[in-house]
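Asks: Next comes the structure file data_21.cif, holding mmCIF, C-alpha atoms.
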data_structure
loop_
_atom_site.label_atom_id
_atom_site.label_comp_id
_atom_site.auth_asym_id
_atom_site.auth_seq_id
_atom_site.Cartn_x
_atom_site.Cartn_y
_atom_site.Cartn_z
CA MET A 1 -0.85 -174.06 189.44
CA PRO A 2 -1.12 -173.52 185.71
CA GLN A 3 -4.65 -173.39 184.33
CA THR A 4 -5.52 -176.13 181.88
CA PHE A 5 -7.07 -175.37 178.54
CA TRP A 6 -10.39 -176.88 179.66
CA GLN A 7 -10.42 -174.92 182.93
CA GLY A 8 -9.71 -171.73 180.98
CA LEU A 9 -12.48 -172.49 178.56
CA GLY A 10 -14.97 -173.03 181.41
CA LEU A 11 -14.05 -169.72 183.03
CA GLY A 12 -14.13 -168.02 179.64
CA THR A 13 -17.63 -169.37 179.06
CA VAL A 14 -18.92 -167.97 182.34
CA VAL A 15 -17.25 -164.59 181.79
CA GLY A 16 -18.46 -164.57 178.18
CA ALA A 17 -22.03 -165.28 179.26
CA VAL A 18 -21.94 -162.51 181.89
CA LEU A 19 -20.39 -160.03 179.46
CA GLY A 20 -22.82 -161.10 176.72
CA GLU A 21 -25.80 -160.44 179.00
CA ALA A 22 -24.40 -157.04 180.03
CA ALA A 23 -23.78 -156.13 176.40
CA LYS A 24 -27.32 -157.13 175.53
CA GLN A 25 -28.69 -154.93 178.30
CA ILE A 26 -26.51 -151.97 177.30
CA GLY A 27 -27.39 -152.50 173.64
CA GLY A 28 -31.08 -152.73 174.49
CA SER A 29 -30.92 -149.57 176.54
CA ILE A 30 -29.13 -147.68 173.72
CA MET A 31 -31.71 -148.96 171.23
CA ALA A 32 -34.56 -147.90 173.51
CA ARG A 33 -33.05 -144.43 173.94
CA ARG A 34 -32.54 -144.15 170.17
CA SER A 35 -36.11 -145.17 169.56
CA GLU A 36 -37.37 -142.61 172.12
CA ARG A 37 -35.25 -139.91 170.48
CA ALA A 38 -36.54 -140.89 167.03
CA THR A 39 -40.17 -140.69 168.24
CA GLU A 40 -39.44 -137.33 169.88
CA LEU A 41 -37.80 -136.05 166.70
CA ARG A 42 -40.71 -137.19 164.52
CA LYS A 43 -43.11 -135.33 166.80
CA LEU A 44 -40.97 -132.17 166.67
CA ILE A 45 -40.80 -132.41 162.89
CA ARG A 46 -44.58 -132.87 162.61
CA ASP A 47 -45.23 -129.85 164.87
CA ASP A 48 -42.71 -127.67 163.06
CA VAL A 49 -44.06 -128.67 159.66
CA ARG A 50 -47.62 -127.92 160.71
CA ALA A 51 -46.52 -124.48 161.98
CA LEU A 52 -44.76 -123.83 158.67
CA GLN A 53 -47.82 -124.86 156.66
CA ASP A 54 -49.95 -122.48 158.72
CA LYS A 55 -47.65 -119.61 157.76
CA VAL A 56 -47.94 -120.04 153.99
CA ALA A 57 -51.52 -118.78 153.55
CA PRO A 58 -51.00 -115.54 155.55
CA MET A 59 -47.89 -114.78 153.46
CA VAL A 60 -49.83 -115.38 150.25
CA ASN A 61 -52.61 -113.08 151.50
CA LEU A 62 -50.07 -110.43 152.47
CA SER A 63 -48.46 -110.66 149.07
CA ILE A 64 -51.83 -110.40 147.30
CA SER A 65 -52.79 -107.39 149.40
CA TYR A 66 -49.41 -105.83 148.56
CA TYR A 67 -50.01 -106.23 144.84
CA ALA A 68 -53.57 -104.96 145.23
CA LYS A 69 -52.22 -101.52 146.17
CA PRO A 70 -49.96 -99.09 144.36
CA SER A 71 -46.38 -99.85 145.45
CA GLN A 72 -45.95 -96.56 147.34
CA ALA A 73 -48.99 -97.34 149.48
CA ALA A 74 -47.92 -100.86 150.34
CA VAL A 75 -44.59 -100.29 152.09
CA GLN A 76 -45.82 -101.84 155.33
CA GLU A 77 -46.96 -105.02 153.54
CA ALA A 78 -43.63 -105.25 151.72
CA ASN A 79 -41.60 -104.94 154.92
CA GLN A 80 -43.83 -107.42 156.73
CA LEU A 81 -43.57 -109.92 153.89
CA ARG A 82 -39.77 -109.78 153.77
CA SER A 83 -39.62 -110.21 157.52
CA ASP A 84 -42.15 -113.11 157.55
CA LEU A 85 -40.23 -114.84 154.79
CA LYS A 86 -37.02 -114.55 156.75
CA VAL A 87 -38.61 -116.23 159.78
CA PHE A 88 -40.22 -118.85 157.52
CA ALA A 89 -36.86 -119.66 155.89
CA SER A 90 -35.16 -119.95 159.24
CA GLU A 91 -37.81 -122.41 160.49
CA TRP A 92 -37.64 -124.32 157.21
CA ASN A 93 -33.91 -124.73 157.83
CA VAL A 94 -34.53 -126.00 161.36
CA VAL A 95 -36.89 -128.68 159.99
CA THR A 96 -34.30 -129.65 157.39
CA GLN A 97 -31.67 -130.06 160.11
CA ARG A 98 -34.03 -132.20 162.17
CA LEU A 99 -34.82 -134.33 159.14
CA GLY A 100 -31.09 -134.86 158.65
CA GLU A 101 -30.77 -135.88 162.29
CA ALA A 102 -33.63 -138.35 161.81
CA GLY A 103 -31.94 -139.78 158.69
CA GLU A 104 -34.71 -138.46 156.45
CA ARG A 105 -34.52 -136.61 153.13
CA PRO A 106 -34.26 -132.82 153.60
CA LEU A 107 -36.96 -130.40 152.49
CA PRO A 108 -36.10 -129.35 148.94
CA VAL A 109 -34.42 -125.94 149.07
CA SER A 110 -35.77 -125.24 145.57
CA ALA A 111 -39.33 -125.10 146.99
CA LEU A 112 -38.30 -122.45 149.49
CA VAL A 113 -36.41 -120.44 146.86
CA SER A 114 -39.37 -120.63 144.44
CA LEU A 115 -41.75 -119.47 147.16
CA ARG A 116 -39.57 -116.48 148.04
CA GLN A 117 -39.14 -115.66 144.35
CA ALA A 118 -42.86 -115.85 143.66
CA LEU A 119 -43.90 -113.88 146.74
CA THR A 120 -41.34 -111.13 146.28
CA ASN A 121 -40.88 -110.93 142.54
CA GLY A 122 -41.70 -107.32 141.84
CA LEU A 123 -41.76 -106.38 145.52
CA ASP A 124 -40.64 -102.78 146.06
CA THR A 125 -40.59 -102.23 142.33
CA ALA A 126 -42.31 -99.00 141.45
CA ARG A 127 -45.66 -99.45 139.70
CA PRO A 128 -48.35 -96.85 139.34
CA GLY A 129 -51.37 -98.79 140.53
CA PRO A 130 -52.71 -102.10 141.79
CA ILE A 131 -52.51 -105.20 139.65
CA THR A 132 -55.28 -107.73 139.12
CA LEU A 133 -55.34 -111.34 140.24
CA ASN A 134 -54.76 -112.37 136.63
CA ASP A 135 -51.45 -110.53 136.47
CA PRO A 136 -48.44 -112.70 135.53
CA LEU A 137 -46.88 -111.72 138.87
CA VAL A 138 -49.73 -113.21 140.88
CA GLN A 139 -50.19 -116.62 139.25
CA PRO A 140 -46.77 -118.02 140.26
CA ILE A 141 -47.56 -117.16 143.88
CA TYR A 142 -50.29 -119.80 143.94
CA VAL A 143 -48.14 -122.38 142.18
CA ALA A 144 -45.12 -121.88 144.44
CA SER A 145 -47.17 -121.75 147.64
CA MET A 146 -48.97 -124.97 146.74
CA ARG A 147 -45.68 -126.67 146.01
CA ALA A 148 -44.25 -125.56 149.35
CA VAL A 149 -47.33 -126.84 151.18
CA ASP A 150 -47.15 -130.13 149.25
CA GLU A 151 -43.51 -130.65 150.15
CA LEU A 152 -44.32 -129.96 153.79
CA SER A 153 -47.27 -132.38 153.67
CA LYS A 154 -45.02 -135.14 152.33
CA VAL A 155 -42.71 -134.70 155.31
CA ARG A 156 -45.63 -134.57 157.70
CA TYR A 157 -47.05 -137.88 156.46
CA ARG A 158 -43.62 -139.51 156.40
CA SER A 159 -43.07 -138.57 160.03
CA ILE A 160 -46.31 -140.09 161.40
CA MET B 1 -0.79 -111.46 139.54
CA THR B 2 -3.78 -112.18 141.75
CA SER B 3 -4.73 -109.87 144.56
CA THR B 4 -4.94 -111.26 148.07
CA GLN B 5 -6.83 -108.25 149.38
CA LYS B 6 -10.02 -109.21 151.17
CA ILE B 7 -12.99 -106.88 151.44
CA LYS B 8 -15.87 -107.74 153.75
CA ILE B 9 -19.29 -106.28 153.14
CA ARG B 10 -21.96 -106.83 155.75
CA ILE B 11 -25.14 -105.67 154.07
CA ALA B 12 -27.02 -104.96 157.33
CA THR B 13 -24.37 -102.59 158.68
CA ASP B 14 -22.51 -101.37 155.59
CA PHE B 15 -25.52 -100.79 153.35
CA SER B 16 -28.99 -101.12 154.88
CA LYS B 17 -30.87 -103.22 157.40
CA VAL B 18 -33.85 -103.03 155.05
CA PRO B 19 -32.46 -103.57 151.53
CA ALA B 20 -35.33 -103.31 149.06
CA GLY B 21 -36.20 -102.75 145.44
CA ARG B 22 -34.55 -103.44 142.14
CA TYR B 23 -33.60 -100.19 140.47
CA VAL B 24 -32.37 -96.85 141.77
CA THR B 25 -35.82 -95.53 140.90
CA ASP B 26 -37.24 -97.88 143.56
CA GLY B 27 -35.18 -96.20 146.27
CA ASN B 28 -31.66 -95.63 147.54
CA VAL B 29 -31.38 -99.08 149.17
CA SER B 30 -32.14 -101.01 145.97
CA GLY B 31 -30.17 -103.81 144.34
CA GLN B 32 -28.82 -101.52 141.65
CA VAL B 33 -27.49 -99.05 144.24
CA PHE B 34 -25.93 -101.85 146.31
CA ARG B 35 -24.27 -103.29 143.22
CA GLU B 36 -22.94 -100.00 141.91
CA LYS B 37 -21.87 -98.48 145.22
CA MET B 38 -20.54 -101.53 147.05
CA LEU B 39 -20.01 -104.62 144.91
CA VAL B 40 -18.55 -103.21 141.70
CA PRO B 41 -15.92 -100.96 143.36
CA ALA B 42 -14.75 -103.85 145.55
CA LEU B 43 -14.69 -106.44 142.75
CA SER B 44 -13.03 -104.04 140.31
CA GLN B 45 -10.02 -103.81 142.63
CA GLY B 46 -9.55 -107.54 142.08
CA ALA B 47 -10.19 -108.17 145.76
CA HIS B 48 -11.70 -111.26 147.30
CA VAL B 49 -15.10 -109.94 148.35
CA VAL B 50 -17.00 -111.55 151.21
CA VAL B 51 -20.67 -110.55 151.37
CA ASP B 52 -22.45 -111.32 154.62
CA LEU B 53 -26.20 -111.44 154.09
CA ASP B 54 -27.22 -111.88 157.74
CA GLY B 55 -28.77 -109.28 160.02
CA THR B 56 -31.18 -107.59 157.61
CA GLU B 57 -34.96 -107.59 157.85
CA GLY B 58 -35.05 -110.00 154.90
CA TYR B 59 -34.67 -109.89 151.13
CA GLY B 60 -36.91 -109.67 148.12
CA SER B 61 -35.91 -111.56 145.00
CA SER B 62 -35.67 -108.39 142.92
CA PHE B 63 -33.00 -106.95 145.21
CA LEU B 64 -30.95 -110.15 145.05
CA GLU B 65 -31.30 -110.61 141.31
CA GLU B 66 -30.38 -107.04 140.47
CA SER B 67 -27.45 -106.95 142.91
CA PHE B 68 -25.77 -110.14 141.74
CA GLY B 69 -27.20 -111.02 138.33
CA GLY B 70 -26.56 -107.41 137.33
CA LEU B 71 -22.81 -107.88 137.86
CA ILE B 72 -22.75 -110.12 134.79
CA ARG B 73 -25.48 -108.33 132.83
CA ASN B 74 -24.34 -104.74 133.35
CA HIS B 75 -20.68 -104.83 134.30
CA GLY B 76 -19.27 -107.66 132.22
CA PHE B 77 -18.07 -109.87 135.07
CA THR B 78 -17.98 -113.55 134.15
CA LEU B 79 -19.42 -116.40 136.19
CA ALA B 80 -15.94 -117.90 136.63
CA GLN B 81 -14.56 -114.56 137.81
CA LEU B 82 -17.35 -114.14 140.35
CA ARG B 83 -16.99 -117.70 141.62
CA ASP B 84 -13.33 -116.90 142.18
CA GLN B 85 -13.69 -113.47 143.75
CA LEU B 86 -17.08 -113.46 145.41
CA GLU B 87 -17.86 -115.31 148.63
CA LEU B 88 -21.40 -115.20 149.99
CA LYS B 89 -22.27 -116.00 153.57
CA SER B 90 -25.54 -116.56 155.36
CA PHE B 91 -25.85 -118.47 158.56
CA GLU B 92 -29.46 -117.34 159.04
CA ASP B 93 -30.75 -118.51 155.67
CA PRO B 94 -28.45 -120.62 153.47
CA SER B 95 -31.20 -120.85 150.83
CA LEU B 96 -30.28 -117.27 149.87
CA LEU B 97 -26.97 -118.60 148.54
CA VAL B 98 -28.81 -121.11 146.35
CA GLU B 99 -31.06 -118.35 145.02
CA ILE B 100 -28.15 -116.02 144.22
CA GLU B 101 -26.24 -118.84 142.51
CA GLU B 102 -29.33 -119.37 140.36
CA TYR B 103 -29.36 -115.68 139.35
CA LEU B 104 -25.65 -115.73 138.51
CA THR B 105 -26.05 -118.86 136.39
CA GLU B 106 -29.10 -117.44 134.57
CA ALA B 107 -27.39 -114.10 133.91
CA SER B 108 -24.31 -115.90 132.62
CA ALA B 109 -26.36 -118.14 130.30
CA SER B 110 -28.22 -115.11 129.01
CA ALA B 111 -24.97 -113.17 128.41
CA LEU B 112 -23.45 -116.14 126.55
CA SER B 113 -26.52 -116.53 124.39
CA LYS B 114 -26.46 -112.81 123.51
CA SER B 115 -22.79 -112.92 122.60
CA LYS B 116 -23.43 -115.89 120.27
CA GLN B 117 -26.22 -114.00 118.53
CA GLN B 118 -24.03 -110.98 117.78
CA PRO B 119 -22.69 -110.89 114.19
CA VAL B 120 -18.96 -111.49 113.79
#
Written as structure tokens, that's how I'd like the structure from this file.
Replies:
Amino acid sequence: MPQTFWQGLGLGTVVGAVLGEAAKQIGGSIMARRSERATELRKLIRDDVRALQDKVAPMVNLSISYYAKPSQAAVQEANQLRSDLKVFASEWNVVTQRLGEAGERPLPVSALVSLRQALTNGLDTARPGPITLNDPLVQPIYVASMRAVDELSKVRYRSI
Amino acid sequence: MTSTQKIKIRIATDFSKVPAGRYVTDGNVSGQVFREKMLVPALSQGAHVVVDLDGTEGYGSSFLEESFGGLIRNHGFTLAQLRDQLELKSFEDPSLLVEIEEYLTEASASALSKSKQQPV
């Protein structure tokens, strides 16, 4: 027996209501999972950023102790600094990727580049003796390290 | 005629795992030595040169600046030529590519400004 328009509409309403409820539940579950993932990501970002911030001061100290010696006597500091910077940059990139995943602005690459430039400008370059804290090589280290820490702080506060 | 030859340079294995220093006076793994021994010969052949920066113990800015900025400053390569011939790779730290690009741009601007100052 052919279905009338009204009968079809009634059936459609029931099916529509059931499907609508299922869709709501699936949608809710996806939203909940997204929200959990976002919270998890924010925590990861905060932890990573804190770890990065903790690494800036030791690198600055290492750099200062490098410049406080004649270059020939500071080979160990120079090697350590290059290696620490490499690890730092790699972790910086991980945070940037996570920020992208969370739909946030990335860490500015210019802050990382400036930090590396300031910390290593003049590294391994022959000089006869130690330089003072007022040397033009030393001042940019403070500026660049503070900028890097500031940029990291911004991300940390945004991700609370 | 453009060359299709491709030369790959992996700094960690073809030059040094610990590249350091600016000038040859700073040591035999300095930026100047890397530029003169590896980059210039490859680029002068007109080849497409791929430089892989991964695998080293890290880089100081002086090594990077002297290696790449020095191509324009000391060997007369142009920025356009280098953008065409030189390909830089770093999976470990892509910020190195940004830094090197900065050195190339600065060296090019400096070379242009010097050429304008020279009397005709």
Asks: May I have the residues of chain A within 6 Å of chain B, counting all atoms listed in the file, written as number ranges by chain?
Replies: A: 82-83, 86, 90, 117, 120-121, 124-126
Asks: Quote the spacing between atom CA of A:Leu137 and atom CA of B:Arg73 in Å to one decimal place.
Replies: 22.5 Å
Asks: Convert the output of the PyMOL selection byres ((chain A and resi 98-110) around 7) on the shown file into explicit residues, formatted as an mmCIF file with C-alpha atoms, keeping the file's coordinate frame.
Replies:
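File written: out.cif
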data_model
loop_
_atom_site.group_PDB
_atom_site.id
_atom_site.type_symbol
_atom_site.label_atom_id
_atom_site.label_comp_id
_atom_site.auth_asym_id
_atom_site.auth_seq_id
_atom_site.Cartn_x
_atom_site.Cartn_y
_atom_site.Cartn_z
ATOM 1 C CA ALA A 38 -36.540 -140.890 167.030
ATOM 2 C CA LEU A 41 -37.800 -136.050 166.700
ATOM 3 C CA ILE A 45 -40.800 -132.410 162.890
ATOM 4 C CA VAL A 94 -34.530 -126.000 161.360
ATOM 5 C CA VAL A 95 -36.890 -128.680 159.990
ATOM 6 C CA THR A 96 -34.300 -129.650 157.390
ATOM 7 C CA GLN A 97 -31.670 -130.060 160.110
ATOM 8 C CA ALA A 111 -39.330 -125.100 146.990
ATOM 9 C CA LEU A 112 -38.300 -122.450 149.490
ATOM 10 C CA VAL A 113 -36.410 -120.440 146.860
ATOM 11 C CA SER A 114 -39.370 -120.630 144.440
ATOM 12 C CA GLU A 151 -43.510 -130.650 150.150
ATOM 13 C CA SER B 95 -31.200 -120.850 150.830
#
Asks: Which residues, written as a ChimeraX atom specification, have at least one atom at most 7 Å from A:Glu77, with all atoms listed in the file counted and residues fewer than 4 positions away on the same chain left out?
Replies: /A:62,66,81
Asks: Write the residues of the preceding selection, restricted to C-alpha atoms, as a CSV table (one decimal), in the frame of the given file.
Replies:
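Produced file selection21.csv, reproduced below:
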chain,number,residue,atom,x,y,z
A,62,LEU,CA,-50.1,-110.4,152.5
A,66,TYR,CA,-49.4,-105.8,148.6
A,81,LEU,CA,-43.6,-109.9,153.9
Asks: So which residues get picked by the PyMOL selection byres ((chain A and resi 150) around 12) here, written as a ChimeraX atom specification?
Replies: /A:49-50,52-53,56,107-108,111-112,143-149,151-157
Asks: Quick one, how far is atom CA of A:Thr132 from atom CA of A:Asn79?
Replies: 21.1 Å
Asks: If you measure from atom CA of A:Ile141 to atom CA of B:Glu106, what distance in Å do you get, rounded to one decimal?
Replies: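 Separation between atom CA of A:Ile141 and atom CA of B:Glu106: 20.7 Å.
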Asks: With only C-alpha atoms as the counted atoms, please give the residues lying no more than 12 Å from B:Gln45, apart from itself and same-chain residues fewer than 5 positions off, as a PyMOL selection string.
Replies: chain B and resi 2-7+38-40+85
Asks: On this structure, which residues satisfy the PyMOL selection byres ((chain A and resi 69) around 10), written as a PyMOL selection string?
Replies: chain A and resi 64-68+70-75+77+127-132
Asks: Keeping C-alpha atoms, export the residues of the selection given above as a compact mmCIF listing (two decimals), in the frame of the given file.
Replies:
# COMPACT_ATOMS: atom_id res chain seq x y z
CA ILE A 64 -51.83 -110.40 147.30
CA SER A 65 -52.79 -107.39 149.40
CA TYR A 66 -49.41 -105.83 148.56
CA TYR A 67 -50.01 -106.23 144.84
CA ALA A 68 -53.57 -104.96 145.23
CA PRO A 70 -49.96 -99.09 144.36
CA SER A 71 -46.38 -99.85 145.45
CA GLN A 72 -45.95 -96.56 147.34
CA ALA A 73 -48.99 -97.34 149.48
CA ALA A 74 -47.92 -100.86 150.34
CA VAL A 75 -44.59 -100.29 152.09
CA GLU A 77 -46.96 -105.02 153.54
CA ARG A 127 -45.66 -99.45 139.70
CA PRO A 128 -48.35 -96.85 139.34
CA GLY A 129 -51.37 -98.79 140.53
CA PRO A 130 -52.71 -102.10 141.79
CA ILE A 131 -52.51 -105.20 139.65
CA THR A 132 -55.28 -107.73 139.12
Asks: Enclose the full set of atoms of stretch 118-123 of chain A listed in the file within a box whose edges lie along x, y and z, apply 4 Å of padding to each of the six sides, and report centre and edge lengths in Å to one decimal as JSON.
Replies:
{"center_x": -42.4, "center_y": -111.1, "center_z": 144.3, "size_x": 11.0, "size_y": 17.5, "size_z": 12.9}
Asks: Under the rule that all atoms listed in the file are counted, which of A:Val60, A:Trp92, A:Ala17, A:Gly122 is the nearest residue to A:Asp135?
Replies: A:Gly122
Asks: Counting only C-alpha atoms, figure out which residue out of B:Lys37, B:Gly31, B:Ser113, B:Leu53 gets nearest to B:Thr13.
Replies: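 For B:Thr13, the nearest of the candidates is B:Leu53.
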Asks: Would you fill the gaps in stretch 21-32 of chain B so it has all heavy atoms, then print it as a JSON list (two decimals), in the frame of the given file?
Replies:
[["chain", "number", "residue", "atom", "x", "y", "z"],
["B", 21, "GLY", "N", -36.01, -103.31, 146.78],
["B", 21, "GLY", "CA", -36.20, -102.75, 145.44],
["B", 21, "GLY", "C", -35.14, -103.20, 144.47],
["B", 21, "GLY", "O", -34.11, -103.75, 144.84],
["B", 22, "ARG", "N", -35.46, -103.01, 143.19],
["B", 22, "ARG", "CA", -34.55, -103.44, 142.14],
["B", 22, "ARG", "C", -33.68, -102.28, 141.65],
["B", 22, "ARG", "O", -32.46, -102.29, 141.79],
["B", 22, "ARG", "CB", -35.35, -104.05, 140.97],
["B", 22, "ARG", "CG", -34.49, -104.50, 139.81],
["B", 22, "ARG", "CD", -35.33, -105.11, 138.70],
["B", 22, "ARG", "NE", -35.81, -106.44, 139.02],
["B", 22, "ARG", "CZ", -35.12, -107.56, 138.81],
["B", 22, "ARG", "NH1", -33.91, -107.50, 138.28],
["B", 22, "ARG", "NH2", -35.65, -108.72, 139.11],
["B", 23, "TYR", "N", -34.35, -101.28, 141.11],
["B", 23, "TYR", "CA", -33.60, -100.19, 140.47],
["B", 23, "TYR", "C", -33.45, -98.98, 141.38],
["B", 23, "TYR", "O", -34.18, -98.84, 142.37],
["B", 23, "TYR", "CB", -34.31, -99.76, 139.18],
["B", 23, "TYR", "CG", -34.47, -100.88, 138.19],
["B", 23, "TYR", "CD1", -35.74, -101.32, 137.80],
["B", 23, "TYR", "CD2", -33.35, -101.52, 137.66],
["B", 23, "TYR", "CE1", -35.89, -102.37, 136.91],
["B", 23, "TYR", "CE2", -33.50, -102.58, 136.77],
["B", 23, "TYR", "CZ", -34.77, -102.99, 136.39],
["B", 23, "TYR", "OH", -34.91, -104.03, 135.53],
["B", 24, "VAL", "N", -32.58, -98.08, 141.01],
["B", 24, "VAL", "CA", -32.37, -96.85, 141.77],
["B", 24, "VAL", "C", -33.67, -96.06, 141.87],
["B", 24, "VAL", "O", -33.92, -95.39, 142.87],
["B", 24, "VAL", "CB", -31.20, -96.03, 141.16],
["B", 24, "VAL", "CG1", -31.53, -95.52, 139.76],
["B", 24, "VAL", "CG2", -30.81, -94.88, 142.06],
["B", 25, "THR", "N", -34.52, -96.22, 140.87],
["B", 25, "THR", "CA", -35.82, -95.53, 140.90],
["B", 25, "THR", "C", -36.75, -96.09, 141.99],
["B", 25, "THR", "O", -37.73, -95.46, 142.35],
["B", 25, "THR", "CB", -36.54, -95.66, 139.54],
["B", 25, "THR", "OG1", -36.48, -97.04, 139.14],
["B", 25, "THR", "CG2", -35.90, -94.80, 138.47],
["B", 26, "ASP", "N", -36.44, -97.29, 142.49],
["B", 26, "ASP", "CA", -37.24, -97.88, 143.56],
["B", 26, "ASP", "C", -36.78, -97.41, 144.94],
["B", 26, "ASP", "O", -37.40, -97.74, 145.95],
["B", 26, "ASP", "CB", -37.16, -99.42, 143.52],
["B", 26, "ASP", "CG", -37.66, -99.99, 142.21],
["B", 26, "ASP", "OD1", -38.61, -99.42, 141.66],
["B", 26, "ASP", "OD2", -37.08, -100.98, 141.73],
["B", 27, "GLY", "N", -35.66, -96.70, 144.98],
["B", 27, "GLY", "CA", -35.18, -96.20, 146.27],
["B", 27, "GLY", "C", -33.67, -96.31, 146.38],
["B", 27, "GLY", "O", -33.02, -96.95, 145.55],
["B", 28, "ASN", "N", -33.13, -95.67, 147.43],
["B", 28, "ASN", "CA", -31.66, -95.63, 147.54],
["B", 28, "ASN", "C", -31.08, -96.84, 148.29],
["B", 28, "ASN", "O", -29.90, -96.86, 148.60],
["B", 28, "ASN", "CB", -31.21, -94.32, 148.19],
["B", 28, "ASN", "CG", -31.82, -94.13, 149.56],
["B", 28, "ASN", "OD1", -32.57, -94.99, 150.02],
["B", 28, "ASN", "ND2", -31.52, -93.02, 150.20],
["B", 29, "VAL", "N", -31.92, -97.84, 148.59],
["B", 29, "VAL", "CA", -31.38, -99.08, 149.17],
["B", 29, "VAL", "C", -31.70, -100.27, 148.25],
["B", 29, "VAL", "O", -31.85, -101.40, 148.69],
["B", 29, "VAL", "CB", -31.93, -99.33, 150.60],
["B", 29, "VAL", "CG1", -31.35, -98.36, 151.59],
["B", 29, "VAL", "CG2", -33.46, -99.28, 150.63],
["B", 30, "SER", "N", -31.78, -99.98, 146.96],
["B", 30, "SER", "CA", -32.14, -101.01, 145.97],
["B", 30, "SER", "C", -30.93, -101.86, 145.57],
["B", 30, "SER", "O", -29.78, -101.53, 145.90],
["B", 30, "SER", "CB", -32.71, -100.33, 144.72],
["B", 30, "SER", "OG", -31.70, -99.56, 144.12],
["B", 31, "GLY", "N", -31.22, -102.92, 144.83],
["B", 31, "GLY", "CA", -30.17, -103.81, 144.34],
["B", 31, "GLY", "C", -29.18, -103.10, 143.43],
["B", 31, "GLY", "O", -27.98, -103.32, 143.51],
["B", 32, "GLN", "N", -29.70, -102.24, 142.57],
["B", 32, "GLN", "CA", -28.82, -101.52, 141.65],
["B", 32, "GLN", "C", -27.83, -100.62, 142.42],
["B", 32, "GLN", "O", -26.64, -100.60, 142.13],
["B", 32, "GLN", "CB", -29.66, -100.64, 140.70],
["B", 32, "GLN", "CG", -28.81, -99.93, 139.66],
["B", 32, "GLN", "CD", -29.61, -98.94, 138.80],
["B", 32, "GLN", "OE1", -30.83, -98.82, 138.93],
["B", 32, "GLN", "NE2", -28.92, -98.23, 137.93]]
